[in-house]
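Raw contents of run10.cif, mmCIF, C-alpha atoms:
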```cif
data_work
loop_
_atom_site.label_atom_id
_atom_site.label_comp_id
_atom_site.auth_asym_id
_atom_site.auth_seq_id
_atom_site.Cartn_x
_atom_site.Cartn_y
_atom_site.Cartn_z
CA MET A 1 195.69 132.97 186.90
CA VAL A 2 192.01 132.06 187.30
CA ILE A 3 191.00 128.53 188.34
CA PRO A 4 187.35 127.88 187.37
CA SER A 5 185.18 127.13 190.39
CA GLY A 6 182.51 125.28 188.43
CA GLU A 7 179.85 127.70 189.69
CA ALA A 8 179.38 129.34 186.28
CA THR A 9 177.10 126.83 184.55
CA GLY A 10 175.12 126.79 181.33
CA THR A 11 175.48 126.21 177.59
CA LEU A 12 176.94 128.57 175.01
CA THR A 13 176.86 128.07 171.22
CA ILE A 14 179.05 130.11 168.87
CA THR A 15 176.78 130.81 165.88
CA SER A 16 179.34 132.63 163.68
CA ASP A 17 180.33 130.92 160.43
CA LEU A 18 183.98 130.11 161.17
CA ARG A 19 184.46 127.28 158.69
CA GLY A 20 187.09 129.20 156.70
CA PRO A 21 189.60 129.24 155.20
CA PHE A 22 189.99 133.00 155.68
CA ARG A 23 192.37 135.55 154.21
CA THR A 24 194.15 138.21 156.20
CA GLY A 25 191.80 141.20 156.49
CA ASP A 26 188.56 139.19 156.16
CA GLN A 27 185.88 140.27 158.63
CA VAL A 28 183.54 137.88 160.47
CA PRO A 29 180.83 138.88 163.03
CA ILE A 30 181.33 137.06 166.33
CA CYS A 31 177.94 135.95 167.68
CA TRP A 32 176.70 133.41 170.19
CA THR A 33 173.63 132.23 172.05
CA ALA A 34 173.49 131.07 175.67
CA SER A 35 171.01 129.16 177.81
CA GLY A 36 170.75 127.82 181.34
CA LEU A 37 173.23 130.31 182.75
CA SER A 38 173.62 130.48 186.49
CA LEU A 39 173.36 133.76 188.37
CA ALA A 40 177.12 133.54 188.90
CA ALA A 41 177.73 134.33 185.20
CA ASP A 42 177.20 138.02 184.44
CA SER A 43 179.37 138.82 181.40
CA PHE A 44 181.03 137.38 178.29
CA GLU A 45 184.54 137.92 176.92
CA ALA A 46 185.68 136.79 173.45
CA TYR A 47 189.22 135.96 172.31
CA LEU A 48 190.98 134.85 169.14
CA PHE A 49 193.37 132.00 169.93
CA MET A 50 196.21 131.24 167.50
CA ASP A 51 197.45 127.99 168.99
CA GLY A 52 200.21 127.47 166.42
CA ASN A 53 201.64 130.90 167.30
CA GLN A 54 201.00 130.45 171.06
CA ARG A 55 199.18 133.80 171.06
CA SER A 56 195.73 135.08 171.90
CA VAL A 57 194.02 138.42 171.23
CA SER A 58 191.08 139.92 173.12
CA LEU A 59 188.09 140.70 170.90
CA GLY A 60 186.04 142.50 173.55
CA GLY A 61 183.13 141.61 175.77
CA MET A 62 179.41 142.08 176.46
CA GLY A 63 176.99 141.78 179.33
CA THR A 64 174.53 139.60 177.38
CA ALA A 65 174.60 137.01 174.61
CA GLY A 66 174.45 138.32 171.03
CA CYS A 67 177.11 139.70 168.68
CA LEU A 68 180.21 141.76 169.43
CA PRO A 69 179.86 145.41 168.36
CA LEU A 70 182.79 145.04 165.94
CA PRO A 71 183.55 142.06 163.69
CA LEU A 72 186.68 139.95 163.96
CA THR A 73 189.24 141.18 161.40
CA MET A 74 191.57 138.32 160.53
CA PRO A 75 195.12 139.31 161.58
CA PHE A 76 198.36 139.11 159.61
CA VAL A 77 199.15 135.50 160.45
CA SER A 78 199.30 132.24 158.52
CA THR A 79 198.00 129.31 160.56
CA ASP A 80 195.53 126.42 160.46
CA SER A 81 194.99 126.29 164.25
CA ALA A 82 193.06 129.52 164.95
CA ARG A 83 189.85 129.39 166.96
CA VAL A 84 187.49 131.67 168.86
CA GLY A 85 187.04 131.22 172.60
CA ILE A 86 184.26 132.83 174.64
CA LYS A 87 184.47 133.02 178.41
CA ILE A 88 181.44 133.19 180.67
CA TYR A 89 182.65 135.34 183.51
CA GLY A 90 181.26 136.09 186.93
CA THR A 91 183.02 137.35 190.03
CA TYR A 92 186.30 135.92 191.29
CA ASN A 93 186.87 132.52 189.69
CA ARG A 94 183.36 131.85 188.38
CA VAL A 95 184.53 131.15 184.82
CA LYS A 96 183.61 128.73 182.03
CA TRP A 97 185.14 128.54 178.52
CA PHE A 98 183.59 127.60 175.16
CA PHE A 99 185.57 127.21 171.90
CA SER A 100 184.90 127.08 168.19
CA GLU A 101 186.40 124.42 165.93
CA PRO A 102 189.88 125.33 164.57
CA PHE A 103 189.95 127.30 161.32
CA THR A 104 192.58 128.45 158.83
CA ILE A 105 193.92 131.97 158.17
CA ARG A 106 196.27 132.41 155.19
CA PRO A 107 197.74 135.41 153.35
CA ASP A 108 196.61 136.58 149.92
CA ALA A 109 196.93 133.73 147.40
CA ARG A 110 199.04 135.98 145.18
CA ILE A 111 201.91 135.77 147.69
CA PRO A 112 204.22 133.14 146.14
CA ASP A 113 204.99 131.14 149.29
CA ALA A 114 203.04 128.09 150.34
CA ALA A 115 202.46 127.17 153.98
CA PRO A 116 204.37 124.13 155.29
CA THR A 117 202.81 120.68 155.28
CA VAL A 118 203.11 118.21 158.17
CA ALA A 119 201.73 114.74 158.91
CA LEU A 120 201.78 112.99 162.28
CA LEU A 121 203.11 109.41 162.02
CA SER A 122 203.00 108.37 165.68
CA PRO A 123 201.43 107.92 168.13
CA VAL A 124 198.55 106.50 166.10
CA SER A 125 194.97 107.54 166.79
CA GLY A 126 193.35 105.63 169.63
CA ALA A 127 196.64 104.45 171.12
CA SER A 128 196.77 103.63 174.84
CA ILE A 129 199.74 105.12 176.69
CA ALA A 130 200.76 104.20 180.22
CA PRO A 131 201.43 107.09 182.64
CA GLY A 132 205.13 107.55 183.37
CA SER A 133 206.20 106.02 180.04
CA SER A 134 208.25 107.39 177.13
CA VAL A 135 206.11 108.14 174.06
CA PRO A 136 207.88 108.34 170.68
CA ILE A 137 206.34 111.11 168.53
CA ALA A 138 207.25 111.09 164.83
CA TRP A 139 206.16 113.17 161.84
CA SER A 140 206.94 114.05 158.23
CA ALA A 141 207.04 117.65 156.95
CA SER A 142 208.04 119.78 153.97
CA ASP A 143 208.00 123.39 152.74
CA ASP A 144 208.73 125.05 149.42
CA GLU A 145 211.41 127.32 150.94
CA GLY A 146 212.47 125.60 154.14
CA LEU A 147 211.37 124.65 157.65
CA ARG A 148 212.38 126.81 160.61
CA SER A 149 211.19 124.85 163.67
CA PHE A 150 208.61 122.52 165.23
CA ASP A 151 206.49 122.63 168.39
CA VAL A 152 204.78 119.65 170.03
CA HIS A 153 201.52 120.20 171.96
CA GLY A 154 199.43 117.88 174.12
CA SER A 155 195.75 117.97 175.07
CA TYR A 156 194.30 116.07 178.02
CA ASP A 157 190.64 116.94 177.36
CA GLY A 158 190.07 115.88 173.74
CA GLY A 159 191.46 119.05 172.10
CA ARG A 160 189.60 121.61 174.21
CA THR A 161 192.80 123.00 175.75
CA TRP A 162 196.42 122.53 174.67
CA HIS A 163 199.74 122.54 176.52
CA VAL A 164 203.29 122.84 175.16
CA ILE A 165 205.27 119.60 175.38
CA ALA A 166 208.29 120.91 173.43
CA ARG A 167 208.96 124.14 171.58
CA ASP A 168 211.48 125.38 168.99
CA LEU A 169 212.72 121.97 167.89
CA PRO A 170 215.05 122.40 164.90
CA GLY A 171 213.67 122.35 161.37
CA SER A 172 215.56 119.10 160.70
CA ALA A 173 213.79 117.27 163.56
CA ARG A 174 211.33 114.53 162.66
CA SER A 175 210.81 112.93 166.07
CA TYR A 176 210.64 113.67 169.79
CA THR A 177 210.37 111.42 172.85
CA TRP A 178 207.73 112.61 175.30
CA GLN A 179 208.34 111.52 178.87
CA THR A 180 204.90 111.44 180.48
CA ALA A 181 204.48 112.06 184.19
CA PRO A 182 203.35 109.34 186.59
CA GLY A 183 199.74 109.50 187.73
CA SER A 184 196.29 107.99 187.35
CA GLY A 185 195.99 108.76 183.62
CA PHE A 186 193.65 110.75 181.35
CA ALA A 187 190.68 109.48 179.34
CA SER A 188 191.19 111.62 176.21
CA VAL A 189 194.71 112.60 175.11
CA GLN A 190 195.77 114.15 171.79
CA VAL A 191 199.15 115.09 170.33
CA ARG A 192 199.70 117.93 167.86
CA VAL A 193 202.85 118.82 165.88
CA VAL A 194 203.14 122.40 164.56
CA ALA A 195 205.55 123.12 161.68
CA HIS A 196 206.92 126.67 161.15
CA ASP A 197 208.52 127.70 157.85
CA LEU A 198 211.15 130.38 157.19
CA ARG A 199 208.45 133.07 156.82
CA PHE A 200 206.80 132.07 160.13
CA GLN A 201 203.77 130.43 158.52
CA ASN A 202 202.61 127.40 160.48
CA SER A 203 200.61 124.24 159.86
CA SER A 204 199.66 121.46 162.26
CA ALA A 205 198.82 117.76 162.40
CA THR A 206 196.81 116.15 165.20
CA ASN A 207 195.93 112.57 166.07
CA SER A 208 192.53 111.44 167.32
CA SER A 209 191.93 110.88 171.02
CA GLY A 210 193.84 108.17 172.84
CA THR A 211 194.12 107.37 176.52
CA THR A 212 196.69 107.27 179.28
CA PRO A 213 194.95 104.77 181.57
CA PRO A 214 196.07 103.84 185.06
CA PRO A 215 198.26 100.75 185.23
CA ALA A 216 196.17 97.61 184.89
CA THR A 217 195.87 95.21 187.82
CA PRO A 218 197.69 92.00 186.83
CA THR A 219 195.48 88.96 186.30
CA PRO A 220 196.52 86.16 188.70
CA THR A 221 198.00 83.10 187.00
CA PRO A 222 198.48 79.62 188.44
CA ALA A 223 201.80 79.15 190.17
CA PRO A 224 204.17 76.99 188.11
CA THR A 225 205.74 73.84 189.45
CA LEU A 226 209.09 74.84 190.93
CA THR A 227 212.20 73.09 189.70
CA PRO A 228 215.34 73.59 191.83
CA THR A 229 218.01 75.52 189.96
CA PRO A 230 221.45 76.70 191.04
CA LEU A 231 221.35 80.07 192.76
CA PRO A 232 222.83 82.84 190.61
CA THR A 233 225.47 85.15 191.92
CA ALA A 234 223.69 88.05 193.60
CA THR A 235 223.97 91.39 191.81
CA ALA A 236 223.37 94.56 193.75
CA THR A 237 220.44 96.63 192.47
CA PRO A 238 221.40 100.29 192.04
CA THR A 239 219.76 102.48 194.65
CA PRO A 240 217.95 105.56 193.25
CA ASP A 241 219.35 108.90 194.26
CA THR A 242 217.45 111.20 196.62
CA VAL A 243 216.22 114.43 195.02
CA SER A 244 215.05 117.49 196.94
CA ILE A 245 213.78 120.87 195.72
CA SER A 246 214.95 123.83 197.81
CA ARG A 247 213.42 126.60 195.69
CA ALA A 248 210.56 126.90 193.20
CA GLU A 249 209.59 130.50 192.51
CA TYR A 250 207.60 132.13 189.71
CA THR A 251 208.09 135.85 189.08
CA VAL A 252 204.74 137.00 187.71
CA SER A 253 205.94 140.33 186.29
CA LYS A 254 208.73 138.65 184.29
CA LYS A 255 206.90 135.36 183.63
CA GLN A 256 210.02 133.58 184.84
CA LEU A 257 210.35 130.30 186.74
CA ARG A 258 213.35 129.65 189.02
CA VAL A 259 214.11 126.15 190.39
CA GLU A 260 216.92 124.99 192.68
CA ALA A 261 217.34 121.33 193.60
CA SER A 262 219.88 118.80 194.80
CA SER A 263 220.70 115.12 194.33
CA THR A 264 222.68 112.77 196.52
CA ARG A 265 224.60 111.74 193.40
CA SER A 266 226.40 114.45 191.46
CA ALA A 267 226.38 112.44 188.21
CA ALA A 268 222.58 112.74 187.93
CA THR A 269 220.74 114.75 185.25
CA LEU A 270 217.72 116.59 186.67
CA LYS A 271 214.72 117.66 184.58
CA ALA A 272 211.71 119.73 185.63
CA TYR A 273 208.07 119.04 184.65
CA VAL A 274 204.65 120.57 185.33
CA THR A 275 203.22 118.12 187.87
CA ALA A 276 199.59 118.45 186.76
CA THR A 277 200.19 117.78 183.03
CA GLY A 278 203.64 116.20 182.71
CA GLU A 279 204.71 119.05 180.41
CA TYR A 280 208.50 119.26 180.14
CA ILE A 281 209.91 122.57 181.42
CA GLY A 282 213.66 122.17 181.07
CA THR A 283 216.90 120.56 182.28
CA LEU A 284 218.60 121.95 185.37
CA SER A 285 222.27 122.95 185.19
CA SER A 286 224.73 121.33 187.58
CA GLY A 287 226.60 123.64 189.94
CA GLY A 288 228.74 120.85 191.36
CA ASN A 289 228.52 118.90 194.61
CA GLY A 290 225.06 117.63 193.72
CA ARG A 291 223.48 121.09 193.44
CA TYR A 292 221.40 122.09 190.42
CA SER A 293 219.46 125.13 189.25
CA GLY A 294 217.41 126.30 186.29
CA GLN A 295 215.64 129.45 185.14
CA TRP A 296 213.16 129.56 182.27
CA SER A 297 210.60 131.87 180.71
CA TRP A 298 207.18 130.30 181.32
CA PRO A 299 203.78 131.76 180.32
CA VAL A 300 201.92 130.99 183.57
CA ASN A 301 202.64 129.85 187.12
CA PRO A 302 202.71 126.01 186.94
CA GLN A 303 201.55 125.88 190.60
CA ASN A 304 203.46 122.66 191.31
CA ILE A 305 206.55 121.13 189.71
CA THR A 306 208.19 117.71 189.66
CA VAL A 307 211.97 117.26 189.34
CA ARG A 308 213.01 113.84 188.03
CA SER A 309 216.53 112.41 188.08
CA SER A 310 218.13 110.20 185.44
CA LEU A 311 219.15 107.94 188.34
CA GLY A 312 215.59 107.32 189.52
CA GLY A 313 214.97 109.94 192.18
CA THR A 314 212.05 112.36 192.09
CA ALA A 315 210.62 115.22 194.13
CA THR A 316 207.69 117.65 193.90
CA ARG A 317 207.14 121.13 195.31
CA SER A 318 204.55 123.89 195.18
CA VAL A 319 205.62 126.98 193.25
CA THR A 320 205.68 130.27 195.13
CA ALA A 321 204.48 133.28 193.12
CA ARG A 322 206.02 136.69 193.76
#
```
Let me see the structure of the file written as structure tokens.
Amino acid sequence: MVIPSGEATGTLTITSDLRGPFRTGDQVPICWTASGLSLAADSFEAYLFMDGNQRSVSLGGMGTAGCLPLPLTMPFVSTDSARVGIKIYGTYNRVKWFFSEPFTIRPDARIPDAAPTVALLSPVSGASIAPGSSVPIAWSASDDEGLRSFDVHGSYDGGRTWHVIARDLPGSARSYTWQTAPGSGFASVQVRVVAHDLRFQNSSATNSSGTTPPPATPTPTPAPTLTPTPLPTATATPTPDTVSISRAEYTVSKKQLRVEASSTRSAATLKAYVTATGEYIGTLSSGGNGRYSGQWSWPVNPQNITVRSSLGGTATRSVTAR
């Protein structure tokens, strides 16, 4: 994992005509110009991202701006969320990414199977979502042969980068509740739903940017005139359970995350999230006596995780890579 240091500065413009749609086998030269680069940036690497397939392919690299020696040959995929990304790369973590707009790759039109269609119904574009709240996501979809599954993605930087919120939802699903993580909020949030048909073609629907602002400070209001009323019978407020994480390990070679946690109340349901983004990882299995564990395949080390209990408790822990 490389965390950009911010030391690689400058502007890069992808000049290739990537408006599409393209057919499998089409070839497009990948070219770009760059200006204002810092001395920390000494090479360029290009990639084809297929967000709907959660895959990326290296296209090669160069030491200067220009065009790659070989053109991009469109692969055997069917998606409307492909894009080219070019990385300015220096030493260590001196990295900066630039992306093209998404474009479409489809098979030969003579193949008698249409790609799925999907429309995002909620959240609506421009909606404001409070951190730590439950966000209902709903969509409509259809396909001429049948729908296999759905993925839900979230972007916290206006569509520049995307993160998986949920994957492999059943083809009959038309909604999902996204539990956002607590925090100070993000200025530009987008939601994308990806539909996969029986032949693994995919299509997506995305809303325009919304926000997850920090909780607003209440506006003071005049105190009302108090009228004595009978005191109600006191009702005890349930006390949240206490959650602790005893193990959070990421095995790099297997791309596998292992979490062990405990709750003071054995009836709790514990779920794990990526602390930085609120992305749902999975539900931990109960081993009895308040002990829980979970193991999932995960593409990258999440660095830090949050375990939340259905009974109100929460805990965070840094992830150890090995």
So which residues touch region 113-116 of chain A within 12 Å, counting all atoms listed in the file, skipping near sequence neighbours fewer than 5 positions away, as a PyMOL selection string? chain A and resi 77-80+104-108+140-150+171+193-205
So that I have them on file, write out the residues from the current selection with C-alpha atoms, as an mmCIF file, in the coordinates of the input.
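Done, and the output landed in again-v5.cif:
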```
data_model
loop_
_atom_site.group_PDB
_atom_site.id
_atom_site.type_symbol
_atom_site.label_atom_id
_atom_site.label_comp_id
_atom_site.auth_asym_id
_atom_site.auth_seq_id
_atom_site.Cartn_x
_atom_site.Cartn_y
_atom_site.Cartn_z
ATOM 1 C CA VAL A 77 199.150 135.500 160.450
ATOM 2 C CA SER A 78 199.300 132.240 158.520
ATOM 3 C CA THR A 79 198.000 129.310 160.560
ATOM 4 C CA ASP A 80 195.530 126.420 160.460
ATOM 5 C CA THR A 104 192.580 128.450 158.830
ATOM 6 C CA ILE A 105 193.920 131.970 158.170
ATOM 7 C CA ARG A 106 196.270 132.410 155.190
ATOM 8 C CA PRO A 107 197.740 135.410 153.350
ATOM 9 C CA ASP A 108 196.610 136.580 149.920
ATOM 10 C CA SER A 140 206.940 114.050 158.230
ATOM 11 C CA ALA A 141 207.040 117.650 156.950
ATOM 12 C CA SER A 142 208.040 119.780 153.970
ATOM 13 C CA ASP A 143 208.000 123.390 152.740
ATOM 14 C CA ASP A 144 208.730 125.050 149.420
ATOM 15 C CA GLU A 145 211.410 127.320 150.940
ATOM 16 C CA GLY A 146 212.470 125.600 154.140
ATOM 17 C CA LEU A 147 211.370 124.650 157.650
ATOM 18 C CA ARG A 148 212.380 126.810 160.610
ATOM 19 C CA SER A 149 211.190 124.850 163.670
ATOM 20 C CA PHE A 150 208.610 122.520 165.230
ATOM 21 C CA GLY A 171 213.670 122.350 161.370
ATOM 22 C CA VAL A 193 202.850 118.820 165.880
ATOM 23 C CA VAL A 194 203.140 122.400 164.560
ATOM 24 C CA ALA A 195 205.550 123.120 161.680
ATOM 25 C CA HIS A 196 206.920 126.670 161.150
ATOM 26 C CA ASP A 197 208.520 127.700 157.850
ATOM 27 C CA LEU A 198 211.150 130.380 157.190
ATOM 28 C CA ARG A 199 208.450 133.070 156.820
ATOM 29 C CA PHE A 200 206.800 132.070 160.130
ATOM 30 C CA GLN A 201 203.770 130.430 158.520
ATOM 31 C CA ASN A 202 202.610 127.400 160.480
ATOM 32 C CA SER A 203 200.610 124.240 159.860
ATOM 33 C CA SER A 204 199.660 121.460 162.260
ATOM 34 C CA ALA A 205 198.820 117.760 162.400
#
```
Evaluate the PyMOL selection byres ((chain A and resi 303-305) around 8) and record the selected residues as JSON, numbers by chain, following the chain and residue labels used in the document. {"A": [248, 272, 273, 274, 275, 276, 301, 302, 306, 307, 316, 317, 318, 319, 320]}
On this file, the PyMOL selection byres ((chain A and resi 28) around 12) gives some set of residues; write that set as a list in words. Thr15, Ser16, Asp17, Leu18, Arg19, Gly20, Pro21, Phe22, Arg23, Thr24, Gly25, Asp26, Gln27, Pro29, Ile30, Cys31, Leu48, Leu59, Cys67, Leu68, Pro69, Leu70, Pro71, Leu72, Thr73, Met74, Pro75 and Val84 of chain A
Serialized selection, C-alpha atoms, as an mmCIF file, keeping the file's coordinate frame:
```cif
data_model
loop_
_atom_site.group_PDB
_atom_site.id
_atom_site.type_symbol
_atom_site.label_atom_id
_atom_site.label_comp_id
_atom_site.auth_asym_id
_atom_site.auth_seq_id
_atom_site.Cartn_x
_atom_site.Cartn_y
_atom_site.Cartn_z
ATOM 1 C CA THR A 15 176.780 130.810 165.880
ATOM 2 C CA SER A 16 179.340 132.630 163.680
ATOM 3 C CA ASP A 17 180.330 130.920 160.430
ATOM 4 C CA LEU A 18 183.980 130.110 161.170
ATOM 5 C CA ARG A 19 184.460 127.280 158.690
ATOM 6 C CA GLY A 20 187.090 129.200 156.700
ATOM 7 C CA PRO A 21 189.600 129.240 155.200
ATOM 8 C CA PHE A 22 189.990 133.000 155.680
ATOM 9 C CA ARG A 23 192.370 135.550 154.210
ATOM 10 C CA THR A 24 194.150 138.210 156.200
ATOM 11 C CA GLY A 25 191.800 141.200 156.490
ATOM 12 C CA ASP A 26 188.560 139.190 156.160
ATOM 13 C CA GLN A 27 185.880 140.270 158.630
ATOM 14 C CA PRO A 29 180.830 138.880 163.030
ATOM 15 C CA ILE A 30 181.330 137.060 166.330
ATOM 16 C CA CYS A 31 177.940 135.950 167.680
ATOM 17 C CA LEU A 48 190.980 134.850 169.140
ATOM 18 C CA LEU A 59 188.090 140.700 170.900
ATOM 19 C CA CYS A 67 177.110 139.700 168.680
ATOM 20 C CA LEU A 68 180.210 141.760 169.430
ATOM 21 C CA PRO A 69 179.860 145.410 168.360
ATOM 22 C CA LEU A 70 182.790 145.040 165.940
ATOM 23 C CA PRO A 71 183.550 142.060 163.690
ATOM 24 C CA LEU A 72 186.680 139.950 163.960
ATOM 25 C CA THR A 73 189.240 141.180 161.400
ATOM 26 C CA MET A 74 191.570 138.320 160.530
ATOM 27 C CA PRO A 75 195.120 139.310 161.580
ATOM 28 C CA VAL A 84 187.490 131.670 168.860
#
```
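For the residues A:Tyr250, A:Gly313, A:Val189, A:Leu12, ranking by smallest atom-to-atom distance to Ile129 (chain A) using all atoms listed in the file places A:Val189 first.
The nearest approach to Pro131 (chain A) among the residues A:Ser253, A:Thr180, A:Thr64, A:Thr33, with all atoms listed in the file taken into account, belongs to A:Thr180.
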Would you kindly translate the PyMOL selection byres ((chain A and resi 266) around 8) into the concrete residues it picks from this file, as a PDB file with C-alpha atoms, keeping the file's coordinate frame?
```
ATOM      1  CA  SER A 263     220.700 115.120 194.330  1.00  0.00           C
ATOM      2  CA  THR A 264     222.680 112.770 196.520  1.00  0.00           C
ATOM      3  CA  ARG A 265     224.600 111.740 193.400  1.00  0.00           C
ATOM      4  CA  ALA A 267     226.380 112.440 188.210  1.00  0.00           C
ATOM      5  CA  ALA A 268     222.580 112.740 187.930  1.00  0.00           C
ATOM      6  CA  GLY A 288     228.740 120.850 191.360  1.00  0.00           C
ATOM      7  CA  ASN A 289     228.520 118.900 194.610  1.00  0.00           C
ATOM      8  CA  GLY A 290     225.060 117.630 193.720  1.00  0.00           C
ATOM      9  CA  ARG A 291     223.480 121.090 193.440  1.00  0.00           C
TER      10      ARG A 291
END
```
Surrounding residues of Arg160 (chain A) excluding itself and chain neighbours under 3 positions, 10 Å, all atoms listed in the file, as a PyMOL selection string: chain A and resi 97-101+155-157+190
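For the atom pair formed by CA of Val152 (chain A) and CA of Ser175 (chain A), the distance is 9.9 Å, given to one decimal.
All protein, DNA and RNA residues at most 8 Å from (168.2, 124.8, 179.4) are Gly10, Thr11, Ser35 and Gly36 of chain A, using all atoms listed in the file.
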Mind dumping the selected residues with C-alpha atoms as a short mmCIF file (atom, residue, chain, number, x, y, z; two decimals), in the frame of the given file?
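The file below, again-v2.cif, is the result:
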```cif
data_model
loop_
_atom_site.label_atom_id
_atom_site.label_comp_id
_atom_site.auth_asym_id
_atom_site.auth_seq_id
_atom_site.Cartn_x
_atom_site.Cartn_y
_atom_site.Cartn_z
CA GLY A 10 175.12 126.79 181.33
CA THR A 11 175.48 126.21 177.59
CA SER A 35 171.01 129.16 177.81
CA GLY A 36 170.75 127.82 181.34
#
```
In the coordinates of the file, take the point (216.4, 115.2, 189.5) and a cut-off of 8 Å; then, counting all atoms listed in the file, name each qualifying protein, DNA or RNA residue as JSON, numbers by chain. {"A": [243, 244, 261, 262, 263, 268, 269, 270, 271, 272, 307, 308, 309, 310, 311, 312, 313, 314, 315]}
Can you patch up region 203-209 of chain A, filling it in to all heavy atoms, and show the result as a PDB file, in the frame of the given file?
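Wrote out_11.pdb, looks like this:
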```pdb
ATOM      1  N   SER A 203     201.636 125.233 160.121  1.00  0.00           N
ATOM      2  CA  SER A 203     200.610 124.240 159.860  1.00  0.00           C
ATOM      3  C   SER A 203     200.741 123.151 160.912  1.00  0.00           C
ATOM      4  O   SER A 203     201.815 122.944 161.473  1.00  0.00           O
ATOM      5  CB  SER A 203     200.763 123.631 158.455  1.00  0.00           C
ATOM      6  OG  SER A 203     200.667 124.624 157.451  1.00  0.00           O
ATOM      7  N   SER A 204     199.639 122.435 161.180  1.00  0.00           N
ATOM      8  CA  SER A 204     199.660 121.460 162.260  1.00  0.00           C
ATOM      9  C   SER A 204     199.057 120.138 161.824  1.00  0.00           C
ATOM     10  O   SER A 204     198.317 120.055 160.850  1.00  0.00           O
ATOM     11  CB  SER A 204     198.896 122.007 163.479  1.00  0.00           C
ATOM     12  OG  SER A 204     197.536 122.224 163.148  1.00  0.00           O
ATOM     13  N   ALA A 205     199.389 119.094 162.589  1.00  0.00           N
ATOM     14  CA  ALA A 205     198.820 117.760 162.400  1.00  0.00           C
ATOM     15  C   ALA A 205     198.501 117.194 163.764  1.00  0.00           C
ATOM     16  O   ALA A 205     199.313 117.283 164.691  1.00  0.00           O
ATOM     17  CB  ALA A 205     199.794 116.851 161.658  1.00  0.00           C
ATOM     18  N   THR A 206     197.304 116.630 163.910  1.00  0.00           N
ATOM     19  CA  THR A 206     196.810 116.150 165.200  1.00  0.00           C
ATOM     20  C   THR A 206     196.277 114.739 165.058  1.00  0.00           C
ATOM     21  O   THR A 206     195.652 114.411 164.044  1.00  0.00           O
ATOM     22  CB  THR A 206     195.683 117.064 165.717  1.00  0.00           C
ATOM     23  OG1 THR A 206     196.125 118.416 165.720  1.00  0.00           O
ATOM     24  CG2 THR A 206     195.261 116.670 167.126  1.00  0.00           C
ATOM     25  N   ASN A 207     196.522 113.898 166.079  1.00  0.00           N
ATOM     26  CA  ASN A 207     195.930 112.570 166.070  1.00  0.00           C
ATOM     27  C   ASN A 207     194.581 112.593 166.786  1.00  0.00           C
ATOM     28  O   ASN A 207     194.258 113.551 167.488  1.00  0.00           O
ATOM     29  CB  ASN A 207     196.858 111.527 166.696  1.00  0.00           C
ATOM     30  CG  ASN A 207     197.035 111.743 168.192  1.00  0.00           C
ATOM     31  OD1 ASN A 207     196.672 112.785 168.741  1.00  0.00           O
ATOM     32  ND2 ASN A 207     197.618 110.765 168.861  1.00  0.00           N
ATOM     33  N   SER A 208     193.800 111.545 166.603  1.00  0.00           N
ATOM     34  CA  SER A 208     192.530 111.440 167.320  1.00  0.00           C
ATOM     35  C   SER A 208     192.795 111.031 168.758  1.00  0.00           C
ATOM     36  O   SER A 208     193.907 110.654 169.122  1.00  0.00           O
ATOM     37  CB  SER A 208     191.630 110.403 166.644  1.00  0.00           C
ATOM     38  OG  SER A 208     191.361 110.793 165.314  1.00  0.00           O
ATOM     39  N   SER A 209     191.770 111.112 169.579  1.00  0.00           N
ATOM     40  CA  SER A 209     191.930 110.880 171.020  1.00  0.00           C
ATOM     41  C   SER A 209     192.445 109.488 171.313  1.00  0.00           C
ATOM     42  O   SER A 209     192.012 108.504 170.731  1.00  0.00           O
ATOM     43  CB  SER A 209     190.598 111.089 171.737  1.00  0.00           C
ATOM     44  OG  SER A 209     190.174 112.422 171.589  1.00  0.00           O
TER      45      SER A 209
END
```
